[in-house]
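Everything below belongs to structure03.csv, which stores CSV, C-alpha atoms.
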```csv
chain,number,residue,atom,x,y,z
K,177,MET,CA,77.0,100.4,112.3
K,178,LEU,CA,78.9,101.9,109.4
K,179,LYS,CA,77.8,99.9,106.3
K,180,THR,CA,78.1,100.8,102.6
K,181,ARG,CA,77.5,99.2,99.2
K,182,LEU,CA,81.1,98.0,99.3
K,183,CYS,CA,80.3,95.9,102.4
K,184,GLU,CA,77.2,94.4,100.8
K,185,LEU,CA,79.0,93.6,97.5
K,186,LEU,CA,82.1,92.0,99.1
K,187,GLY,CA,80.4,90.4,102.2
K,188,ILE,CA,82.5,92.4,104.7
K,189,GLU,CA,81.5,94.2,107.9
K,190,HIS,CA,83.4,97.4,107.5
K,191,PRO,CA,84.2,99.6,104.4
K,192,ILE,CA,88.0,99.2,105.0
K,193,VAL,CA,90.5,97.6,102.6
K,194,SER,CA,94.1,97.0,103.5
K,195,ALA,CA,96.4,98.0,100.7
K,196,GLY,CA,98.2,95.3,98.7
K,197,MET,CA,101.7,96.4,99.7
K,198,GLY,CA,104.0,94.1,97.8
K,199,GLY,CA,106.2,92.0,100.1
K,200,VAL,CA,104.7,93.7,103.2
K,201,ALA,CA,101.0,92.8,103.0
K,202,ALA,CA,101.5,89.1,103.4
K,203,ALA,CA,99.4,86.4,104.9
K,204,ASP,CA,99.3,87.5,108.5
K,205,LEU,CA,98.2,91.0,107.8
K,206,ALA,CA,95.7,90.2,105.1
K,207,ALA,CA,94.1,87.5,107.3
K,208,ALA,CA,94.0,89.8,110.4
K,209,VAL,CA,92.2,92.6,108.5
K,210,SER,CA,89.7,90.2,107.1
K,211,GLU,CA,89.1,88.6,110.4
K,212,ALA,CA,88.5,92.1,111.9
K,213,GLY,CA,85.7,92.7,109.3
K,214,GLY,CA,87.6,94.5,106.6
K,215,LEU,CA,88.9,93.2,103.3
K,216,GLY,CA,92.5,92.0,103.7
K,217,THR,CA,94.7,92.2,100.6
K,218,LEU,CA,97.7,90.1,99.8
K,219,GLY,CA,100.5,92.0,97.9
K,220,LEU,CA,101.9,89.3,95.6
K,221,ALA,CA,104.3,91.3,93.5
K,222,ALA,CA,107.4,90.0,95.4
K,223,PHE,CA,106.5,86.4,94.8
K,224,GLY,CA,106.9,83.8,92.1
K,225,ARG,CA,104.5,80.9,91.6
K,226,GLU,CA,105.5,79.0,94.7
K,227,GLY,CA,105.4,82.2,96.9
K,228,ILE,CA,101.9,83.1,95.6
K,229,GLN,CA,100.6,79.6,96.5
K,230,THR,CA,102.2,79.8,99.9
K,231,GLU,CA,100.9,83.2,100.9
K,232,ILE,CA,97.3,82.7,99.7
K,233,SER,CA,97.2,79.3,101.4
K,234,ALA,CA,98.6,80.7,104.6
K,235,ALA,CA,96.1,83.5,104.7
K,236,ARG,CA,93.2,81.2,104.0
K,237,ALA,CA,94.3,79.0,106.8
K,238,LYS,CA,93.9,81.9,109.2
K,239,THR,CA,90.5,83.2,108.0
K,240,GLN,CA,87.5,82.0,106.1
K,241,LYS,CA,86.3,85.6,105.5
K,242,PRO,CA,86.7,87.4,102.1
K,243,LEU,CA,90.3,87.9,100.9
K,244,ALA,CA,91.8,89.9,98.1
K,245,ALA,CA,95.0,89.6,96.1
K,246,ASN,CA,96.8,92.5,94.5
K,247,LEU,CA,98.5,92.0,91.1
K,248,LEU,CA,100.8,94.6,89.6
K,249,VAL,CA,100.4,94.5,85.9
K,250,PRO,CA,104.1,95.1,85.0
K,251,PHE,CA,105.0,92.1,87.1
K,252,LEU,CA,102.5,89.7,85.6
K,253,ARG,CA,104.0,86.5,84.1
K,254,PRO,CA,102.3,84.0,81.9
K,255,GLY,CA,100.0,81.9,84.0
K,256,THR,CA,99.9,84.2,87.0
K,257,VAL,CA,96.3,85.3,86.7
K,258,GLU,CA,95.2,81.8,85.9
K,259,GLN,CA,97.0,80.5,89.0
K,260,VAL,CA,95.5,83.1,91.3
K,261,LEU,CA,92.0,82.5,89.9
K,262,GLN,CA,92.3,78.9,91.1
K,263,MET,CA,93.0,79.9,94.7
K,264,PRO,CA,90.3,80.5,97.4
K,265,LEU,CA,89.9,84.3,97.0
K,266,GLN,CA,86.9,86.5,96.6
K,267,VAL,CA,88.6,89.6,95.1
K,268,LEU,CA,91.4,90.4,92.7
K,269,THR,CA,92.9,93.9,92.4
K,270,PHE,CA,94.9,95.0,89.3
K,271,PHE,CA,97.2,98.1,89.3
K,272,TRP,CA,99.3,100.0,86.8
K,273,GLY,CA,98.0,99.1,83.4
K,274,ASP,CA,95.3,99.8,80.8
K,275,PRO,CA,92.2,97.9,81.9
K,276,ASN,CA,91.1,97.5,78.3
K,277,ASP,CA,94.2,95.3,77.7
K,278,HIS,CA,93.0,92.9,80.5
K,279,ALA,CA,89.4,92.5,79.6
K,280,ASP,CA,90.0,88.7,79.2
K,281,ALA,CA,91.4,88.5,82.7
K,282,ILE,CA,88.5,90.4,84.1
K,283,ARG,CA,86.0,88.1,82.4
K,284,ALA,CA,88.0,85.0,83.6
K,285,ALA,CA,87.8,86.4,87.2
K,286,HIS,CA,84.0,86.8,86.9
K,287,ASP,CA,83.8,83.2,85.5
K,288,ALA,CA,85.5,82.1,88.7
K,289,SER,CA,83.1,84.2,90.9
K,290,ILE,CA,85.8,86.6,91.8
K,291,LYS,CA,85.1,90.3,92.0
K,292,VAL,CA,87.6,92.7,90.2
K,293,ILE,CA,89.0,96.0,91.6
K,294,TRP,CA,90.9,98.2,89.2
K,295,GLN,CA,93.2,100.7,91.0
K,296,CYS,CA,93.3,104.0,89.1
K,297,GLY,CA,95.1,107.3,89.2
K,298,SER,CA,92.7,109.4,87.1
K,299,ALA,CA,89.1,109.8,86.3
K,300,GLU,CA,89.9,108.9,82.7
K,301,GLU,CA,91.5,105.6,83.7
K,302,ALA,CA,88.5,104.9,86.0
K,303,GLN,CA,86.1,105.3,83.1
K,304,ARG,CA,88.2,102.9,81.1
K,305,ALA,CA,88.0,100.4,84.0
K,306,LYS,CA,84.3,100.7,84.2
K,307,ASN,CA,84.0,100.1,80.4
K,308,ALA,CA,86.2,97.0,80.8
K,309,GLY,CA,83.7,95.5,83.2
K,310,VAL,CA,85.3,95.8,86.6
K,311,ASP,CA,83.2,95.5,89.7
K,312,ILE,CA,84.9,98.3,91.8
K,313,VAL,CA,87.2,101.2,91.1
K,314,MET,CA,89.9,102.2,93.5
K,315,ALA,CA,91.1,105.8,93.0
K,316,GLN,CA,94.5,106.6,94.4
K,317,GLY,CA,95.5,110.1,95.3
K,318,PHE,CA,98.9,111.7,95.0
K,319,GLU,CA,99.4,111.5,98.8
K,320,ALA,CA,99.6,107.8,98.8
K,321,GLY,CA,102.7,105.8,99.6
K,322,GLY,CA,104.3,103.1,97.4
K,323,HIS,CA,103.8,103.4,93.7
K,324,VAL,CA,101.6,106.3,92.7
K,325,ARG,CA,99.7,106.2,89.4
K,326,GLY,CA,98.2,109.7,89.3
K,327,THR,CA,99.1,113.3,90.0
K,328,THR,CA,95.9,114.5,91.7
K,329,THR,CA,95.2,114.7,95.4
K,330,THR,CA,92.6,112.4,96.9
K,331,ILE,CA,90.2,115.2,97.9
K,332,ALA,CA,90.1,116.4,94.2
K,333,LEU,CA,90.3,112.9,92.6
K,334,ILE,CA,87.5,111.1,94.4
K,335,PRO,CA,84.6,113.4,93.3
K,336,ALA,CA,86.0,113.5,89.8
K,337,VAL,CA,86.1,109.7,89.6
K,338,ARG,CA,82.6,109.4,91.2
K,339,ASP,CA,81.3,111.7,88.4
K,340,ALA,CA,83.1,109.6,85.8
K,341,ILE,CA,81.9,106.2,86.9
K,342,GLY,CA,78.3,106.9,88.0
K,343,ASP,CA,77.1,104.5,90.6
K,344,LEU,CA,79.9,101.9,90.3
K,345,PRO,CA,81.3,101.1,93.8
K,346,LEU,CA,84.3,103.3,94.6
K,347,ILE,CA,87.2,102.9,97.0
K,348,ALA,CA,89.3,106.0,98.0
K,349,SER,CA,93.0,105.5,98.5
K,350,GLY,CA,95.8,107.9,99.5
K,351,GLY,CA,96.3,109.9,102.7
K,352,ILE,CA,93.8,108.0,104.8
K,353,ALA,CA,94.9,106.6,108.1
K,354,ASP,CA,92.1,107.1,110.6
K,355,GLY,CA,88.4,107.4,111.0
K,356,ARG,CA,88.4,111.1,110.0
K,357,GLY,CA,89.9,110.1,106.7
K,358,LEU,CA,87.4,107.4,106.1
K,359,ALA,CA,84.5,109.7,106.9
K,360,ALA,CA,85.9,112.3,104.5
K,361,ALA,CA,86.2,109.7,101.8
K,362,LEU,CA,82.6,108.7,102.2
K,363,ALA,CA,81.6,112.3,102.1
K,364,LEU,CA,83.5,112.8,98.8
K,365,GLY,CA,81.6,110.0,97.2
K,366,ALA,CA,83.5,106.8,98.0
K,367,ASP,CA,82.0,103.6,99.4
K,368,GLY,CA,85.1,102.7,101.4
K,369,ALA,CA,88.8,103.4,101.9
K,370,ALA,CA,92.0,101.5,101.1
K,371,ILE,CA,94.6,102.1,103.8
K,372,GLY,CA,98.3,101.2,103.5
K,373,THR,CA,100.7,103.2,105.7
K,374,ARG,CA,98.6,102.8,108.9
K,375,PHE,CA,98.6,99.0,108.3
K,376,LEU,CA,102.3,99.0,107.5
K,377,ALA,CA,102.8,99.9,111.2
K,378,SER,CA,100.8,96.9,112.4
K,379,THR,CA,102.0,93.9,114.4
K,380,GLU,CA,101.2,91.6,111.5
K,381,ALA,CA,102.8,93.6,108.6
K,382,ALA,CA,105.8,91.8,107.1
K,383,ALA,CA,107.9,94.9,107.2
K,384,HIS,CA,111.4,95.1,108.7
K,385,PRO,CA,111.5,96.5,112.2
K,386,ALA,CA,113.7,99.4,111.0
K,387,TYR,CA,111.0,100.2,108.4
K,388,LYS,CA,108.2,100.3,110.9
K,389,ASP,CA,110.3,102.5,113.2
K,390,ARG,CA,111.0,104.9,110.4
K,391,VAL,CA,107.3,105.2,109.6
K,392,LEU,CA,106.5,106.0,113.3
K,393,ALA,CA,109.1,108.7,113.3
K,394,ALA,CA,108.2,110.3,110.0
K,395,LYS,CA,106.1,113.2,109.1
K,396,GLY,CA,104.4,113.9,105.8
K,397,ASP,CA,107.2,116.3,104.8
K,398,ASP,CA,109.7,113.5,105.2
K,399,THR,CA,108.2,111.7,102.2
K,400,PHE,CA,108.9,112.6,98.6
K,401,HIS,CA,107.6,111.6,95.2
K,402,THR,CA,110.3,110.2,92.9
K,403,THR,CA,111.4,107.6,90.4
K,404,LEU,CA,114.6,106.9,92.3
K,405,TYR,CA,114.0,103.3,93.3
K,406,ASP,CA,113.9,101.9,89.8
K,407,ILE,CA,115.9,98.6,89.8
K,408,GLY,CA,113.3,96.0,89.0
K,409,TRP,CA,110.6,98.5,87.9
K,410,PRO,CA,112.0,101.5,85.9
K,411,GLU,CA,110.2,104.8,85.4
K,412,ALA,CA,107.4,104.1,87.9
K,413,ALA,CA,106.7,107.0,90.2
K,414,HIS,CA,106.5,106.3,94.0
K,415,ARG,CA,106.4,108.0,97.4
K,416,VAL,CA,109.0,107.1,100.0
K,417,ILE,CA,110.6,108.3,103.2
K,418,ARG,CA,114.0,109.9,102.9
K,419,THR,CA,116.9,107.6,103.9
K,420,LYS,CA,120.7,107.8,104.1
K,421,LEU,CA,120.9,106.5,100.5
K,422,VAL,CA,118.7,109.4,99.4
K,423,GLU,CA,121.0,111.8,101.1
K,424,ARG,CA,124.0,110.2,99.4
K,425,TRP,CA,122.3,110.6,96.0
K,426,GLU,CA,121.4,114.2,96.7
K,427,ALA,CA,124.9,115.0,97.9
K,428,ALA,CA,126.3,113.5,94.6
K,429,GLY,CA,124.1,116.0,92.6
K,430,ARG,CA,121.2,113.7,91.9
K,431,PRO,CA,122.9,111.7,89.1
K,432,VAL,CA,120.7,109.7,86.7
K,433,SER,CA,120.1,106.0,86.9
K,434,GLY,CA,123.3,104.1,86.0
K,435,SER,CA,125.7,106.5,87.7
K,436,ARG,CA,124.3,106.8,91.3
K,437,PRO,CA,126.5,106.2,94.4
K,438,GLY,CA,126.4,102.6,95.5
K,439,GLU,CA,124.1,101.7,92.6
K,440,GLY,CA,123.6,97.9,92.3
K,441,ASP,CA,125.5,97.1,95.5
K,442,VAL,CA,124.1,93.9,97.0
K,443,VAL,CA,123.0,95.1,100.5
K,444,VAL,CA,120.6,92.5,101.8
K,445,ARG,CA,119.8,88.8,101.5
K,446,SER,CA,116.5,87.0,102.0
K,447,ASN,CA,115.8,84.0,104.2
K,448,ARG,CA,112.8,83.3,102.0
K,449,PRO,CA,113.8,81.9,98.6
K,450,GLU,CA,110.4,82.5,97.1
K,451,VAL,CA,111.0,86.3,97.4
K,452,GLU,CA,112.1,87.4,93.9
K,453,LEU,CA,112.9,91.1,94.1
K,454,PRO,CA,116.5,92.4,93.6
K,455,PRO,CA,118.3,92.9,96.9
K,456,VAL,CA,120.4,95.9,95.8
K,457,ASN,CA,120.6,99.6,96.4
K,458,TYR,CA,117.8,101.5,94.5
K,459,SER,CA,115.8,98.3,94.3
K,460,VAL,CA,112.0,98.3,94.0
K,461,ALA,CA,112.0,96.0,97.0
K,462,PRO,CA,110.7,97.3,100.3
K,463,PRO,CA,112.5,96.4,103.6
K,464,MET,CA,110.7,93.2,104.4
K,465,ASN,CA,111.2,91.3,107.6
K,466,CYS,CA,112.7,88.4,105.7
K,467,LEU,CA,115.7,90.5,104.7
K,468,GLU,CA,119.0,90.7,106.5
K,469,GLY,CA,121.6,93.4,106.0
K,470,ASP,CA,121.6,97.1,105.3
K,471,VAL,CA,118.0,97.8,104.4
K,472,GLU,CA,118.8,101.6,104.1
K,473,GLY,CA,119.4,101.0,100.4
K,474,LEU,CA,115.8,99.9,99.8
K,475,ALA,CA,112.7,101.9,99.3
K,476,PHE,CA,110.9,102.9,102.5
K,477,TYR,CA,107.5,103.4,100.9
K,478,ALA,CA,105.1,105.5,102.9
K,479,GLY,CA,102.3,108.0,102.3
K,480,GLN,CA,101.9,111.5,103.7
K,481,SER,CA,99.5,110.0,106.3
K,482,CYS,CA,102.6,108.8,108.2
K,483,SER,CA,102.1,112.0,110.2
K,484,LEU,CA,99.1,110.2,111.8
K,485,VAL,CA,100.8,107.0,112.6
K,486,ARG,CA,102.5,106.9,116.0
K,487,GLU,CA,102.3,103.4,117.4
K,488,ILE,CA,102.4,99.8,116.2
K,489,LEU,CA,99.1,98.1,116.8
K,490,PRO,CA,97.4,94.8,115.9
K,491,ALA,CA,95.5,95.1,112.7
K,492,ALA,CA,92.2,94.3,114.4
K,493,GLU,CA,92.7,97.2,116.7
K,494,ILE,CA,93.5,99.5,113.8
K,495,VAL,CA,90.3,98.5,112.1
K,496,ARG,CA,88.3,98.9,115.3
K,497,ARG,CA,89.6,102.4,116.0
K,498,ILE,CA,89.1,103.6,112.4
K,499,VAL,CA,85.5,102.4,112.4
K,500,ALA,CA,84.7,103.9,115.8
K,501,GLU,CA,86.2,107.2,114.9
K,502,ALA,CA,84.4,107.4,111.6
K,503,GLU,CA,81.1,106.6,113.2
K,504,ALA,CA,81.7,109.3,115.8
K,505,VAL,CA,82.7,111.9,113.1
K,506,ILE,CA,79.6,111.1,111.0
K,507,GLY,CA,77.1,110.6,113.8
K,508,GLU,CA,78.2,113.4,116.1
K,509,ARG,CA,80.4,116.1,114.5
K,510,LEU,CA,79.0,116.2,111.0
K,511,ALA,CA,75.4,115.7,112.2
K,512,SER,CA,75.7,118.7,114.5
K,513,PHE,CA,76.2,121.0,111.5
K,514,VAL,CA,72.7,120.1,110.1
K,515,ARG,CA,69.8,122.1,111.5
```

What would the structure in this file look like if it were written as structure tokens?
Amino acid sequence: MLKTRLCELLGIEHPIVSAGMGGVAAADLAAAVSEAGGLGTLGLAAFGREGIQTEISAARAKTQKPLAANLLVPFLRPGTVEQVLQMPLQVLTFFWGDPNDHADAIRAAHDASIKVIWQCGSAEEAQRAKNAGVDIVMAQGFEAGGHVRGTTTTIALIPAVRDAIGDLPLIASGGIADGRGLAAALALGADGAAIGTRFLASTEAAAHPAYKDRVLAAKGDDTFHTTLYDIGWPEAAHRVIRTKLVERWEAAGRPVSGSRPGEGDVVVRSNRPEVELPPVNYSVAPPMNCLEGDVEGLAFYAGQSCSLVREILPAAEIVRRIVAEAEAVIGERLASFVR
């Protein structure tokens, strides 16, 4: 059985964490990953107070195993951290901010017996997170989908972060979609892997069907790193799949924000009132399954690992396959090189 310090610290069976994809990593996906032995993460950035309560409660109703919630620092509102810390969670992940500015929140989480993960994009940020008292560092490589904090590839970033944080538990993120990637992350010094794009193409992910289909059809070269989808979160770099809106923008000469074709047009509506992201072209919102209309104007977040994703599977089967492949790689292929 593949077991690491991460498993022991969090009380999980497998060193696999589902990424907290805002609006897409909802209750069904998080609960399914946790039930399968990983750490399921709720992406709460799309929700206000009512939505946060609803999603966490719905996930907890489906599993009694450890659950995590992901909070994006730029989207924090007064009282959000306090609300989440009152909920039945074991782990809280923060992303996109200076950990030293949130030392009080980290201490409050520990007071509530909740472990804290800080998602970083550099060894320097990881060192600051360690100094701020986090329990686990997650290092995200440039290959990752969604919002991307750093500029270094996973294979270069993970060893650098390991050197920076010593023996603090470390999760690798970015470009990992199968057991080979998990085995590589462990070899680089990580204690587990966070996986997004592979779980995006799961039965339980709250992604629009057109979004899932696009991920299945995409290759790594179909993604690009940009700040294009900035309504709701300006100047935050991200990786997305090319869409018709991207082609319109490029054909117009790549105009700056404020003068892009179709900018601000309302293109979708939500059948979930607790979803609070702008439903317009160039929005930070991903194509969620609660949206109706022309989702082509939204951000189809995906990592370069989309090349490895070719079918929609239940989350439990994804976890099972990743673990089995990683064990085979480590126990057979890599072991055969040592004499």

Separation of CA of Ala412 (chain K) from CA of Gly326 (chain K), in Å and rounded to one decimal: 10.9 Å

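Closest approach to Gln259 (chain K) among K:Leu333, K:Ile232, K:Leu218, K:Ala279 is made by K:Ile232 (distances from only C-alpha atoms).
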
Between CA of Thr180 (chain K) and CA of Phe375 (chain K) - distance in Å to one decimal: 21.4 Å

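Between CA of Glu450 (chain K) and CA of His414 (chain K) lies a distance of 24.3 Å.
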
Non-local contacts of Tyr477 (chain K) (8 Å; all atoms listed in the file; under 5 positions in same chain excluded) as a list in words: Gly321, Gly322, His414, Arg415, Val416, Ile417 and Pro462 of chain K

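Taking all atoms listed in the file into account, Val505 (chain K) lies nearest to K:Gly357 out of the set K:Gly297, K:Pro449, K:Pro335, K:Gly357.
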
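Distance annotation: of K:Pro345, K:Pro254, K:Gly273, K:Pro264, the residue with the minimal separation from Leu185 (chain K) is K:Pro345; atom set is all atoms listed in the file.
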
Nearest candidate to Ile331 (chain K) (options K:Gly350, K:Gly507, K:Pro250, K:Gly473; using only C-alpha atoms): K:Gly350

Residue list as an NGL selection string for point (98.5, 114.8, 101.9), cut-off 7 Å, only C-alpha atoms: :K and (319 or 351 or 480-481)
